[in-house]
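Listing of run07.csv, CSV, C-alpha atoms
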```csv
chain,number,residue,atom,x,y,z
A,1,MET,CA,74.8,96.4,110.1
A,2,ALA,CA,77.6,96.7,107.6
A,3,SER,CA,79.5,93.4,107.4
A,4,ARG,CA,82.7,93.2,109.5
A,5,ILE,CA,84.2,90.6,107.3
A,6,VAL,CA,84.9,91.3,103.6
A,7,HIS,CA,86.6,89.0,101.1
A,8,LEU,CA,88.9,90.7,98.6
A,9,GLU,CA,89.9,89.0,95.4
A,10,LEU,CA,93.3,90.0,94.0
A,11,ARG,CA,94.7,89.1,90.6
A,12,PRO,CA,98.5,89.5,90.6
A,13,ARG,CA,100.0,89.0,87.1
A,14,GLY,CA,102.7,86.7,88.6
A,15,ARG,CA,105.6,87.0,91.1
A,16,GLY,CA,106.0,90.3,92.7
A,17,LEU,CA,104.3,92.9,94.9
A,18,LEU,CA,100.7,94.1,94.3
A,19,ASP,CA,99.6,97.3,96.0
A,20,PHE,CA,96.1,96.9,97.3
A,21,THR,CA,96.1,99.7,99.9
A,22,GLU,CA,93.2,101.4,98.3
A,23,LYS,CA,91.0,98.3,98.4
A,24,VAL,CA,91.6,97.9,102.1
A,25,ALA,CA,91.0,101.7,102.7
A,26,ALA,CA,87.7,101.4,100.9
A,27,VAL,CA,86.5,98.5,103.1
A,28,VAL,CA,87.4,100.6,106.2
A,29,ALA,CA,85.7,103.7,104.8
A,30,ALA,CA,82.5,101.7,104.1
A,31,GLY,CA,82.4,99.9,107.5
A,32,GLU,CA,80.2,100.9,110.4
A,33,LEU,CA,83.1,101.5,112.9
A,34,ALA,CA,84.9,104.8,113.0
A,35,GLU,CA,87.7,103.5,115.0
A,36,GLY,CA,89.1,100.0,115.4
A,37,LEU,CA,91.4,97.3,114.1
A,38,CYS,CA,91.6,96.2,110.5
A,39,THR,CA,93.1,92.7,110.2
A,40,LEU,CA,94.1,91.2,106.9
A,41,PHE,CA,94.5,87.5,106.4
A,42,VAL,CA,95.8,85.9,103.1
A,43,ARG,CA,94.2,82.5,102.4
A,44,HIS,CA,97.2,81.0,100.7
A,45,THR,CA,100.6,79.6,101.4
A,46,SER,CA,102.3,80.7,98.2
A,47,ALA,CA,101.4,84.4,98.6
A,48,SER,CA,101.8,86.6,101.6
A,49,LEU,CA,101.4,90.2,103.0
A,50,VAL,CA,104.0,92.9,103.4
A,51,VAL,CA,103.8,96.6,104.3
A,52,GLN,CA,106.4,98.3,102.3
A,53,GLU,CA,107.6,101.7,101.0
A,54,ASN,CA,105.2,103.0,98.4
A,55,ALA,CA,107.2,105.8,96.9
A,56,ASP,CA,110.1,104.3,94.9
A,57,PRO,CA,109.2,101.2,92.7
A,58,THR,CA,112.8,100.0,92.9
A,59,VAL,CA,112.1,99.0,96.5
A,60,GLN,CA,109.8,96.3,95.2
A,61,SER,CA,112.3,95.1,92.6
A,62,ASP,CA,115.1,95.1,95.1
A,63,LEU,CA,113.0,93.2,97.6
A,64,GLU,CA,112.2,90.6,95.0
A,65,ARG,CA,115.9,90.3,94.0
A,66,PHE,CA,116.8,89.7,97.6
A,67,PHE,CA,114.2,86.9,98.0
A,68,ALA,CA,115.2,85.3,94.7
A,69,ARG,CA,118.8,85.1,95.9
A,70,LEU,CA,117.8,83.9,99.5
A,71,VAL,CA,115.3,81.3,98.4
A,72,PRO,CA,116.4,80.2,94.8
A,73,ASP,CA,113.9,78.6,92.6
A,74,GLY,CA,114.8,74.9,91.9
A,75,ASP,CA,117.1,74.7,95.0
A,76,ARG,CA,118.2,71.1,95.3
A,77,ILE,CA,117.6,71.0,99.0
A,78,PHE,CA,113.8,71.1,98.2
A,79,GLU,CA,112.0,67.8,97.7
A,80,HIS,CA,108.5,69.3,97.2
A,81,ASP,CA,108.2,70.5,93.6
A,82,ALA,CA,104.8,69.2,92.6
A,83,GLU,CA,103.9,72.5,91.0
A,84,GLY,CA,107.4,73.3,89.7
A,85,PRO,CA,110.7,74.9,90.8
A,86,ASP,CA,108.9,77.9,92.3
A,87,ASP,CA,106.5,75.8,94.4
A,88,MET,CA,108.5,75.2,97.6
A,89,PRO,CA,110.4,78.6,97.4
A,90,ALA,CA,106.9,80.2,97.5
A,91,HIS,CA,106.1,78.5,100.8
A,92,VAL,CA,109.4,79.5,102.3
A,93,ARG,CA,109.0,83.1,101.2
A,94,ALA,CA,105.5,83.1,102.7
A,95,ALA,CA,106.9,81.8,106.0
A,96,LEU,CA,109.5,84.6,106.0
A,97,THR,CA,107.0,87.4,105.5
A,98,ALA,CA,103.4,87.7,106.9
A,99,THR,CA,100.2,85.7,106.6
A,100,SER,CA,98.2,88.3,108.7
A,101,LEU,CA,98.6,92.0,109.5
A,102,GLY,CA,96.8,94.2,112.0
A,103,ILE,CA,96.4,97.8,111.2
A,104,PRO,CA,94.5,100.2,113.5
A,105,PHE,CA,92.2,102.8,112.0
A,106,ALA,CA,90.5,106.0,113.2
A,107,LYS,CA,88.0,108.3,111.6
A,108,LYS,CA,87.5,105.4,109.1
A,109,ARG,CA,91.1,105.8,107.9
A,110,LEU,CA,93.9,103.4,108.2
A,111,LEU,CA,96.7,104.6,110.5
A,112,LEU,CA,99.4,103.9,108.0
A,113,GLY,CA,102.6,105.9,108.0
A,114,THR,CA,103.1,108.3,105.1
A,115,TRP,CA,105.3,105.9,103.1
A,116,GLN,CA,103.5,102.7,103.9
A,117,GLY,CA,101.6,100.7,101.3
A,118,ILE,CA,99.9,97.3,101.8
A,119,TYR,CA,101.0,94.7,99.4
A,120,LEU,CA,100.1,91.2,98.4
A,121,TYR,CA,103.4,89.4,97.7
A,122,GLU,CA,102.7,86.8,95.1
A,123,HIS,CA,105.5,84.2,95.1
A,124,ARG,CA,104.5,82.0,92.1
A,125,HIS,CA,105.4,83.0,88.6
A,126,ALA,CA,102.1,82.1,87.0
A,127,PRO,CA,99.1,84.4,87.6
A,128,HIS,CA,96.8,83.2,90.4
A,129,THR,CA,93.6,84.6,91.9
A,130,ARG,CA,94.3,85.3,95.6
A,131,GLU,CA,91.9,86.0,98.4
A,132,VAL,CA,92.5,88.2,101.4
A,133,VAL,CA,90.0,88.3,104.2
A,134,VAL,CA,89.5,91.7,105.8
A,135,HIS,CA,88.1,91.8,109.4
A,136,LEU,CA,87.1,95.0,111.1
A,137,GLY,CA,86.8,95.0,114.9
B,1,MET,CA,86.0,106.4,128.1
B,2,ALA,CA,89.8,105.9,128.0
B,3,SER,CA,91.1,105.9,124.5
B,4,ARG,CA,91.6,102.6,122.8
B,5,ILE,CA,94.2,103.9,120.4
B,6,VAL,CA,97.4,105.3,121.8
B,7,HIS,CA,100.4,106.6,119.8
B,8,LEU,CA,103.8,105.8,121.3
B,9,GLU,CA,106.9,107.8,120.2
B,10,LEU,CA,110.1,105.9,120.4
B,11,ARG,CA,113.6,107.3,120.0
B,12,PRO,CA,116.1,104.6,119.2
B,13,ARG,CA,119.7,105.8,119.1
B,14,GLY,CA,120.4,104.0,115.8
B,15,ARG,CA,120.4,100.4,114.5
B,16,GLY,CA,119.4,97.8,117.1
B,17,LEU,CA,116.7,96.7,119.4
B,18,LEU,CA,114.9,99.0,121.8
B,19,ASP,CA,112.9,97.4,124.6
B,20,PHE,CA,109.5,99.2,125.0
B,21,THR,CA,107.6,96.5,126.9
B,22,GLU,CA,107.0,98.8,129.8
B,23,LYS,CA,105.4,101.5,127.6
B,24,VAL,CA,103.0,99.0,126.1
B,25,ALA,CA,102.2,97.5,129.6
B,26,ALA,CA,101.4,101.1,130.8
B,27,VAL,CA,99.0,101.6,128.0
B,28,VAL,CA,97.2,98.3,128.8
B,29,ALA,CA,97.2,99.1,132.6
B,30,ALA,CA,95.6,102.6,131.9
B,31,GLY,CA,93.0,101.2,129.5
B,32,GLU,CA,89.3,100.6,130.3
B,33,LEU,CA,89.4,96.9,129.3
B,34,ALA,CA,90.5,94.3,131.8
B,35,GLU,CA,90.8,91.6,129.1
B,36,GLY,CA,91.4,91.8,125.4
B,37,LEU,CA,93.8,92.1,122.6
B,38,CYS,CA,96.6,94.6,122.4
B,39,THR,CA,97.8,95.2,118.8
B,40,LEU,CA,101.0,97.1,117.9
B,41,PHE,CA,101.6,98.6,114.5
B,42,VAL,CA,104.8,100.4,113.5
B,43,ARG,CA,104.2,103.2,111.1
B,44,HIS,CA,107.5,102.8,109.2
B,45,THR,CA,109.2,100.6,106.7
B,46,SER,CA,112.7,100.9,108.0
B,47,ALA,CA,111.9,99.8,111.5
B,48,SER,CA,109.9,96.8,112.7
B,49,LEU,CA,108.7,94.8,115.7
B,50,VAL,CA,110.0,91.7,117.4
B,51,VAL,CA,109.3,89.8,120.5
B,52,GLN,CA,112.6,88.5,121.8
B,53,GLU,CA,114.4,87.1,124.8
B,54,ASN,CA,114.8,89.8,127.5
B,55,ALA,CA,117.3,88.3,129.8
B,56,ASP,CA,120.7,88.1,128.0
B,57,PRO,CA,121.7,91.2,126.0
B,58,THR,CA,123.9,89.1,123.7
B,59,VAL,CA,120.7,87.8,122.1
B,60,GLN,CA,120.1,91.3,120.7
B,61,SER,CA,123.7,91.7,119.5
B,62,ASP,CA,123.6,88.2,118.0
B,63,LEU,CA,120.3,88.9,116.2
B,64,GLU,CA,121.8,92.1,114.8
B,65,ARG,CA,124.9,90.2,113.7
B,66,PHE,CA,122.8,87.7,111.9
B,67,PHE,CA,120.8,90.3,110.0
B,68,ALA,CA,123.9,92.3,109.1
B,69,ARG,CA,125.3,89.2,107.4
B,70,LEU,CA,122.0,88.2,105.8
B,71,VAL,CA,121.2,91.6,104.4
B,72,PRO,CA,124.5,93.4,104.0
B,73,ASP,CA,124.5,97.2,103.9
B,74,GLY,CA,125.6,98.4,100.4
B,75,ASP,CA,124.8,95.1,98.8
B,76,ARG,CA,125.2,95.5,95.0
B,77,ILE,CA,122.0,93.8,94.2
B,78,PHE,CA,120.1,96.8,95.6
B,79,GLU,CA,119.3,99.7,93.3
B,80,HIS,CA,117.4,101.8,95.9
B,81,ASP,CA,119.9,103.7,98.0
B,82,ALA,CA,118.4,107.2,98.0
B,83,GLU,CA,119.1,107.5,101.8
B,84,GLY,CA,122.4,105.5,101.8
B,85,PRO,CA,123.7,102.0,101.9
B,86,ASP,CA,121.5,101.0,104.9
B,87,ASP,CA,118.3,102.2,103.1
B,88,MET,CA,117.2,99.2,101.2
B,89,PRO,CA,118.6,96.7,103.7
B,90,ALA,CA,116.3,98.4,106.3
B,91,HIS,CA,113.2,97.7,104.1
B,92,VAL,CA,114.3,94.0,103.6
B,93,ARG,CA,114.9,93.5,107.4
B,94,ALA,CA,111.4,95.0,108.0
B,95,ALA,CA,109.8,92.6,105.6
B,96,LEU,CA,111.6,89.7,107.3
B,97,THR,CA,110.4,90.6,110.8
B,98,ALA,CA,107.0,92.1,111.9
B,99,THR,CA,105.1,95.3,111.1
B,100,SER,CA,102.3,94.3,113.6
B,101,LEU,CA,101.9,92.2,116.6
B,102,GLY,CA,98.9,91.0,118.5
B,103,ILE,CA,99.3,90.3,122.2
B,104,PRO,CA,96.3,89.2,124.4
B,105,PHE,CA,96.0,90.7,127.9
B,106,ALA,CA,94.0,89.8,131.0
B,107,LYS,CA,93.6,91.6,134.3
B,108,LYS,CA,95.2,94.6,132.5
B,109,ARG,CA,98.4,92.7,132.1
B,110,LEU,CA,100.0,91.5,128.8
B,111,LEU,CA,100.1,87.7,128.6
B,112,LEU,CA,103.8,87.7,127.6
B,113,GLY,CA,105.9,84.7,128.5
B,114,THR,CA,108.5,85.1,131.3
B,115,TRP,CA,111.3,85.7,128.9
B,116,GLN,CA,109.5,87.8,126.3
B,117,GLY,CA,110.2,91.5,125.7
B,118,ILE,CA,108.6,93.7,123.1
B,119,TYR,CA,111.2,95.4,120.9
B,120,LEU,CA,111.3,98.1,118.2
B,121,TYR,CA,113.9,96.9,115.8
B,122,GLU,CA,115.5,100.1,114.2
B,123,HIS,CA,117.3,99.2,111.0
B,124,ARG,CA,118.8,102.5,110.1
B,125,HIS,CA,122.1,103.6,111.6
B,126,ALA,CA,121.1,107.2,112.2
B,127,PRO,CA,118.7,108.0,115.0
B,128,HIS,CA,115.0,108.4,114.0
B,129,THR,CA,111.9,109.1,115.9
B,130,ARG,CA,109.5,106.2,115.4
B,131,GLU,CA,105.8,105.9,116.0
B,132,VAL,CA,104.0,102.7,117.2
B,133,VAL,CA,100.2,102.7,117.3
B,134,VAL,CA,98.7,100.7,120.2
B,135,HIS,CA,95.2,99.4,119.8
B,136,LEU,CA,93.2,97.8,122.6
B,137,GLY,CA,90.2,95.8,121.7
C,1,MET,CA,79.9,83.9,129.0
C,2,ALA,CA,82.4,81.5,127.4
C,3,SER,CA,85.9,82.6,128.0
C,4,ARG,CA,87.4,84.7,125.2
C,5,ILE,CA,91.0,83.7,126.2
C,6,VAL,CA,92.1,80.1,126.1
C,7,HIS,CA,95.6,78.8,126.9
C,8,LEU,CA,96.6,75.8,124.7
C,9,GLU,CA,99.5,73.6,125.8
C,10,LEU,CA,101.4,71.9,123.0
C,11,ARG,CA,104.1,69.2,123.4
C,12,PRO,CA,106.3,69.1,120.3
C,13,ARG,CA,108.7,66.2,120.3
C,14,GLY,CA,111.6,68.4,119.2
C,15,ARG,CA,112.5,70.7,116.3
C,16,GLY,CA,109.9,70.9,113.6
C,17,LEU,CA,106.4,71.8,112.8
C,18,LEU,CA,103.4,70.7,114.9
C,19,ASP,CA,100.0,71.0,113.3
C,20,PHE,CA,97.5,72.3,115.9
C,21,THR,CA,94.8,73.6,113.6
C,22,GLU,CA,92.2,71.3,115.1
C,23,LYS,CA,92.8,72.6,118.6
C,24,VAL,CA,92.3,76.2,117.5
C,25,ALA,CA,89.2,75.2,115.5
C,26,ALA,CA,87.8,73.6,118.7
C,27,VAL,CA,88.3,76.8,120.7
C,28,VAL,CA,86.5,78.8,118.0
C,29,ALA,CA,83.7,76.3,117.8
C,30,ALA,CA,83.2,76.4,121.6
C,31,GLY,CA,83.3,80.2,121.8
C,32,GLU,CA,80.3,82.5,122.2
C,33,LEU,CA,81.0,84.5,119.0
C,34,ALA,CA,79.8,83.2,115.6
C,35,GLU,CA,82.0,85.7,113.8
C,36,GLY,CA,85.2,87.5,114.7
C,37,LEU,CA,88.9,87.4,114.9
C,38,CYS,CA,91.0,84.6,116.4
C,39,THR,CA,94.4,85.8,117.5
C,40,LEU,CA,97.2,83.3,118.4
C,41,PHE,CA,100.2,84.3,120.5
C,42,VAL,CA,103.1,82.0,121.4
C,43,ARG,CA,104.6,82.7,124.8
C,44,HIS,CA,108.1,81.8,123.9
C,45,THR,CA,111.1,83.1,121.9
C,46,SER,CA,112.4,79.7,120.8
C,47,ALA,CA,109.2,78.6,119.1
C,48,SER,CA,107.0,80.4,116.7
C,49,LEU,CA,103.9,80.3,114.5
C,50,VAL,CA,103.5,79.6,110.8
C,51,VAL,CA,100.6,79.0,108.5
C,52,GLN,CA,101.7,76.4,106.0
C,53,GLU,CA,100.6,73.9,103.4
C,54,ASN,CA,98.9,71.0,105.1
C,55,ALA,CA,98.8,68.4,102.2
C,56,ASP,CA,102.3,67.3,101.5
C,57,PRO,CA,104.5,66.6,104.5
C,58,THR,CA,107.7,67.3,102.5
C,59,VAL,CA,106.8,71.0,102.7
C,60,GLN,CA,107.5,70.8,106.4
C,61,SER,CA,110.8,68.9,106.0
C,62,ASP,CA,111.9,71.3,103.2
C,63,LEU,CA,111.0,74.3,105.3
C,64,GLU,CA,113.1,72.9,108.1
C,65,ARG,CA,116.0,72.1,105.8
C,66,PHE,CA,115.9,75.7,104.5
C,67,PHE,CA,116.0,77.2,108.0
C,68,ALA,CA,118.8,74.8,109.1
C,69,ARG,CA,120.9,76.1,106.3
C,70,LEU,CA,120.0,79.8,106.8
C,71,VAL,CA,120.5,79.8,110.6
C,72,PRO,CA,123.0,77.0,111.3
C,73,ASP,CA,123.3,75.5,114.7
C,74,GLY,CA,126.5,76.4,116.4
C,75,ASP,CA,127.2,79.3,114.0
C,76,ARG,CA,130.3,81.1,115.2
C,77,ILE,CA,128.8,84.5,114.9
C,78,PHE,CA,126.6,83.7,117.9
C,79,GLU,CA,127.8,84.5,121.4
C,80,HIS,CA,124.6,83.5,123.2
C,81,ASP,CA,124.8,79.7,123.6
C,82,ALA,CA,123.8,79.2,127.2
C,83,GLU,CA,121.4,76.4,126.3
C,84,GLY,CA,123.5,74.9,123.5
C,85,PRO,CA,124.2,75.3,119.8
C,86,ASP,CA,120.5,75.5,118.9
C,87,ASP,CA,119.8,78.3,121.5
C,88,MET,CA,120.5,81.4,119.5
C,89,PRO,CA,119.4,79.9,116.2
C,90,ALA,CA,116.0,79.3,117.8
C,91,HIS,CA,115.7,83.0,118.6
C,92,VAL,CA,116.6,84.0,115.1
C,93,ARG,CA,114.2,81.6,113.5
C,94,ALA,CA,111.5,82.9,115.8
C,95,ALA,CA,112.2,86.5,114.6
C,96,LEU,CA,112.0,85.4,111.0
C,97,THR,CA,108.6,83.7,111.4
C,98,ALA,CA,105.7,84.8,113.5
C,99,THR,CA,105.0,85.3,117.2
C,100,SER,CA,101.3,86.2,116.6
C,101,LEU,CA,98.7,85.4,113.9
C,102,GLY,CA,95.3,86.9,113.3
C,103,ILE,CA,92.7,84.6,111.6
C,104,PRO,CA,89.1,85.8,111.0
C,105,PHE,CA,86.3,83.3,111.6
C,106,ALA,CA,82.6,83.1,110.6
C,107,LYS,CA,79.9,80.7,111.6
C,108,LYS,CA,82.3,79.5,114.3
C,109,ARG,CA,84.8,78.3,111.6
C,110,LEU,CA,88.2,79.7,110.9
C,111,LEU,CA,88.4,81.3,107.4
C,112,LEU,CA,91.6,79.3,106.5
C,113,GLY,CA,92.2,78.5,102.9
C,114,THR,CA,91.8,74.9,101.7
C,115,TRP,CA,95.5,74.1,102.0
C,116,GLN,CA,96.3,76.1,105.1
C,117,GLY,CA,97.2,74.5,108.4
C,118,ILE,CA,98.3,76.3,111.6
C,119,TYR,CA,101.6,75.1,113.0
C,120,LEU,CA,103.7,75.6,116.0
C,121,TYR,CA,107.3,75.7,114.8
C,122,GLU,CA,109.5,74.4,117.5
C,123,HIS,CA,113.1,75.5,117.0
C,124,ARG,CA,114.8,73.6,119.9
C,125,HIS,CA,115.9,70.0,119.4
C,126,ALA,CA,114.8,68.9,122.9
C,127,PRO,CA,111.1,68.5,123.7
C,128,HIS,CA,109.5,71.5,125.4
C,129,THR,CA,106.0,72.2,126.6
C,130,ARG,CA,104.8,75.3,124.7
C,131,GLU,CA,101.9,77.6,125.5
C,132,VAL,CA,99.8,79.4,122.9
C,133,VAL,CA,97.3,82.0,123.9
C,134,VAL,CA,94.1,82.1,121.8
C,135,HIS,CA,92.0,85.2,121.9
C,136,LEU,CA,88.6,85.5,120.3
C,137,GLY,CA,87.2,89.0,119.7
```

Represent the structure contained in this file as C-alpha cells.
Amino acid sequence: MASRIVHLELRPRGRGLLDFTEKVAAVVAAGELAEGLCTLFVRHTSASLVVQENADPTVQSDLERFFARLVPDGDRIFEHDAEGPDDMPAHVRAALTATSLGIPFAKKRLLLGTWQGIYLYEHRHAPHTREVVVHLG
Amino acid sequence: MASRIVHLELRPRGRGLLDFTEKVAAVVAAGELAEGLCTLFVRHTSASLVVQENADPTVQSDLERFFARLVPDGDRIFEHDAEGPDDMPAHVRAALTATSLGIPFAKKRLLLGTWQGIYLYEHRHAPHTREVVVHLG
Amino acid sequence: MASRIVHLELRPRGRGLLDFTEKVAAVVAAGELAEGLCTLFVRHTSASLVVQENADPTVQSDLERFFARLVPDGDRIFEHDAEGPDDMPAHVRAALTATSLGIPFAKKRLLLGTWQGIYLYEHRHAPHTREVVVHLG
C-alpha cells in the first residue's frame, strides 16, 4: 500500500509565497486512491498556506504588501520579539491565513480551479526549512 | 454507489454572502455515508467560504462593511488591477477567509451549530458563476 | 468500534486563547485508527480555532492585542450589537481565523510541529460553553 501520509520539505528563500502545487500534485498522482481528499497541514506557526492566483506574479507582491501594512514588523503593540521584529507579525499572519487546507481530487488529479495555485506563505525574512504534511484519504 | 464528490454551481448576484447551507445539506442527505466528514472547496481566488451567523442579516452587511474598510477597492498599494479596482482586494479577502472547510456529519446531517450557516463570500462586484466541490468521506 | 466523532466541551473564562491540544490528543489516542486525519470543527460563530506557538504566553496576549485593534469592540460601522459591543467583532474575528482545522496523525499521535498548540479562540468577554466536534477519518 502506498503511504497515505507524505512529508514535504520546502525551502523558501525568505518572506513571500512559494508555489508548491506540483509537489502536492505529484503526491496525489503517486497515491493509491483515484478519488478522495488531499489535506495539507503546515507544521509551523510562522508560515502558513494560501490558495492564490497563479497567473500574474503581482498578485503575490500585492498580497505581501497588504500584509506588511496590516501587521507591521516591529509594531510596538507586540511584546514577543525573541527572534526579531518579524517574529510576532509572522504568528499573526499565520493566524489570518490557513494552517490546513482540504482539496478534493479525482482521477488522481487535484480539483483546483484553473487559476488556483497552492502556496506556502513564509512570514519570516530569513530562510527556513518548512515541513508540510500531506494526507490522502 | 452514490458519488462522494459533488460539484455545486452557485450564482451570487455580486459582492456579498450567499447562504448555500441547504445545498450542502442535500448532498450529505443524498450520500451513502451516514457519518463522516463533509469538505467544501471553492475553486476560485476571488470568492471564499465562511461559516457565519444565520439569524440576523445585519451580520452579513456588517462583515462586508468591515472588509470594505480593511481592504479598500482601488487601494494604491495594489499593482494588480487587470480586472478592475475590486480585482486584487478580492484575492486579499479570499486569503483572509477560507478556501476550504471541513464539517463533520452524523445521521446524514451536518453537525452545524444552531446559529451557523455556510456561505459563499463573493468578493467581486459583478455576478460570477462559482463552483464549490463537496467531498464526503 | 470506537466512535469516530467526539464532542468536546470547552469552558473558556472569557476572551482569549484556550489551549486544548491535550484533549484532542486524547481523542486520537483513544481512537481505533493508528493513522489518519483529525478534523476539528467549532460549532459557534463567536469563537474560532487557531494553531499557535505554545511556548511563550506573550504570543497569545500579542495576538489578542492585534485583534482588539483590528476589530475594535463597539466600532460604529457595526449595526449588529444585539448581545453587546463585542458581538459583531466576535463574528468578524471568527471569519478572519478558522472554523475548521485538519491535522493528520500517525501512530495515534497528532503530527503537530514542536511549537504548535491547538487553541480555541474565544471572542466574547463573558464566559461561554463551547463545543468542538472532533472527527477521525

To one decimal in Å, tell me the separation between CA of Arg93 in chain A and CA of Leu120 in chain A.
12.4 Å

Go ahead and align chain C to chain B (same sequence, so just pair every C-alpha in order, least squares) and export the moved chain as a compact mmCIF listing (two decimals) with C-alpha atoms, in the frame of the given file.
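Generated file (superposed_20.txt):
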```txt
# COMPACT_ATOMS: atom_id res chain seq x y z
CA MET C 1 85.96 106.28 127.97
CA ALA C 2 89.75 105.81 127.93
CA SER C 3 91.10 105.97 124.47
CA ARG C 4 91.51 102.59 122.78
CA ILE C 5 94.24 103.96 120.41
CA VAL C 6 97.47 105.33 121.78
CA HIS C 7 100.41 106.63 119.71
CA LEU C 8 103.81 105.84 121.32
CA GLU C 9 106.88 107.77 120.18
CA LEU C 10 110.17 105.91 120.48
CA ARG C 11 113.67 107.40 119.97
CA PRO C 12 116.15 104.64 119.15
CA ARG C 13 119.72 105.84 119.09
CA GLY C 14 120.44 103.99 115.85
CA ARG C 15 120.35 100.42 114.51
CA GLY C 16 119.36 97.83 117.04
CA LEU C 17 116.70 96.69 119.34
CA LEU C 18 114.83 99.01 121.74
CA ASP C 19 112.90 97.37 124.53
CA PHE C 20 109.56 99.20 124.98
CA THR C 21 107.62 96.53 126.82
CA GLU C 22 107.03 98.79 129.79
CA LYS C 23 105.43 101.48 127.67
CA VAL C 24 102.97 99.02 126.15
CA ALA C 25 102.26 97.54 129.61
CA ALA C 26 101.44 101.10 130.82
CA VAL C 27 98.94 101.65 128.01
CA VAL C 28 97.23 98.35 128.84
CA ALA C 29 97.18 99.13 132.52
CA ALA C 30 95.60 102.56 131.88
CA GLY C 31 92.98 101.22 129.45
CA GLU C 32 89.31 100.62 130.23
CA LEU C 33 89.39 96.90 129.30
CA ALA C 34 90.56 94.29 131.86
CA GLU C 35 90.84 91.67 129.14
CA GLY C 36 91.42 91.81 125.40
CA LEU C 37 93.85 92.09 122.62
CA CYS C 38 96.68 94.62 122.34
CA THR C 39 97.74 95.20 118.77
CA LEU C 40 101.01 97.06 117.93
CA PHE C 41 101.63 98.63 114.53
CA VAL C 42 104.83 100.42 113.50
CA ARG C 43 104.27 103.27 111.09
CA HIS C 44 107.46 102.86 109.21
CA THR C 45 109.15 100.55 106.66
CA SER C 46 112.69 100.93 108.01
CA ALA C 47 111.88 99.77 111.52
CA SER C 48 109.95 96.81 112.71
CA LEU C 49 108.68 94.79 115.67
CA VAL C 50 110.05 91.68 117.33
CA VAL C 51 109.29 89.77 120.46
CA GLN C 52 112.58 88.54 121.83
CA GLU C 53 114.39 87.15 124.83
CA ASN C 54 114.74 89.85 127.44
CA ALA C 55 117.37 88.23 129.82
CA ASP C 56 120.64 88.09 128.01
CA PRO C 57 121.63 91.15 126.01
CA THR C 58 123.86 89.08 123.68
CA VAL C 59 120.66 87.77 122.07
CA GLN C 60 120.10 91.24 120.73
CA SER C 61 123.70 91.69 119.48
CA ASP C 62 123.64 88.18 117.91
CA LEU C 63 120.33 88.88 116.25
CA GLU C 64 121.79 92.04 114.80
CA ARG C 65 124.96 90.30 113.67
CA PHE C 66 122.82 87.66 111.90
CA PHE C 67 120.76 90.26 110.04
CA ALA C 68 123.90 92.27 109.09
CA ARG C 69 125.26 89.22 107.43
CA LEU C 70 121.96 88.18 105.75
CA VAL C 71 121.10 91.67 104.41
CA PRO C 72 124.45 93.47 104.03
CA ASP C 73 124.62 97.19 103.85
CA GLY C 74 125.56 98.43 100.46
CA ASP C 75 124.77 95.08 98.78
CA ARG C 76 125.19 95.50 95.05
CA ILE C 77 121.96 93.84 94.21
CA PHE C 78 120.13 96.87 95.60
CA GLU C 79 119.27 99.77 93.32
CA HIS C 80 117.30 101.78 95.89
CA ASP C 81 119.93 103.67 97.93
CA ALA C 82 118.49 107.16 98.08
CA GLU C 83 119.13 107.42 101.81
CA GLY C 84 122.41 105.49 101.84
CA PRO C 85 123.75 101.95 102.00
CA ASP C 86 121.47 100.99 104.91
CA ASP C 87 118.27 102.24 103.09
CA MET C 88 117.22 99.17 101.19
CA PRO C 89 118.57 96.74 103.76
CA ALA C 90 116.25 98.39 106.29
CA HIS C 91 113.26 97.64 104.08
CA VAL C 92 114.25 94.04 103.68
CA ARG C 93 114.84 93.51 107.35
CA ALA C 94 111.46 95.05 108.02
CA ALA C 95 109.81 92.52 105.62
CA LEU C 96 111.56 89.66 107.35
CA THR C 97 110.38 90.66 110.84
CA ALA C 98 107.07 92.10 111.84
CA THR C 99 105.11 95.28 111.13
CA SER C 100 102.26 94.31 113.54
CA LEU C 101 101.95 92.12 116.67
CA GLY C 102 98.88 90.92 118.49
CA ILE C 103 99.29 90.25 122.27
CA PRO C 104 96.30 89.17 124.42
CA PHE C 105 96.00 90.68 127.89
CA ALA C 106 94.03 89.79 131.06
CA LYS C 107 93.60 91.63 134.30
CA LYS C 108 95.15 94.62 132.53
CA ARG C 109 98.46 92.66 132.05
CA LEU C 110 99.94 91.51 128.81
CA LEU C 111 100.06 87.67 128.57
CA LEU C 112 103.81 87.69 127.59
CA GLY C 113 105.88 84.72 128.53
CA THR C 114 108.47 85.07 131.31
CA TRP C 115 111.35 85.71 128.92
CA GLN C 116 109.53 87.76 126.32
CA GLY C 117 110.19 91.44 125.78
CA ILE C 118 108.67 93.66 123.05
CA TYR C 119 111.22 95.48 120.93
CA LEU C 120 111.31 98.05 118.28
CA TYR C 121 113.98 96.97 115.80
CA GLU C 122 115.47 99.99 114.24
CA HIS C 123 117.22 99.15 110.98
CA ARG C 124 118.74 102.59 110.11
CA HIS C 125 122.09 103.59 111.58
CA ALA C 126 121.04 107.22 112.19
CA PRO C 127 118.64 108.06 115.03
CA HIS C 128 115.00 108.39 113.99
CA THR C 129 111.85 109.16 115.91
CA ARG C 130 109.52 106.16 115.43
CA GLU C 131 105.79 105.92 116.03
CA VAL C 132 103.99 102.79 117.19
CA VAL C 133 100.25 102.62 117.25
CA VAL C 134 98.74 100.61 120.14
CA HIS C 135 95.20 99.43 119.83
CA LEU C 136 93.27 97.80 122.63
CA GLY C 137 90.13 95.82 121.72
```

Do me a favour and pick out the residues of chain B within 6 Å of chain A, using all atoms listed in the file, as a list of chain:residue names.
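Result: B:Arg43, B:His44, B:Thr45, B:Phe78, B:His80, B:Ala95, B:Leu96, B:Ser100.
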
Expected residue set, 12 Å radius at (91.1, 79.0, 126.3), all atoms listed in the file, as a list of chain:residue names
B:Pro104, C:Ala2, C:Ser3, C:Arg4, C:Ile5, C:Val6, C:His7, C:Leu8, C:Glu9, C:Lys23, C:Val24, C:Ala25, C:Ala26, C:Val27, C:Val28, C:Ala29, C:Ala30, C:Gly31, C:Cys38, C:Thr39, C:Leu40, C:Glu131, C:Val132, C:Val133, C:Val134, C:His135, C:Leu136

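Every protein, DNA or RNA residue with an atom at most 10 Å from His123 in chain C, where all atoms listed in the file count and chain neighbours fewer than 4 positions away do not, is listed here: Pro12, Gly14, Arg15, Gly16, Leu17, Thr45, Ser46, Ala47, Ser48, Glu64, Phe67, Ala68, Asp86, Asp87, Met88, Pro89, Ala90, His91, Val92, Arg93, Ala94, Pro127 and His128 of chain C.
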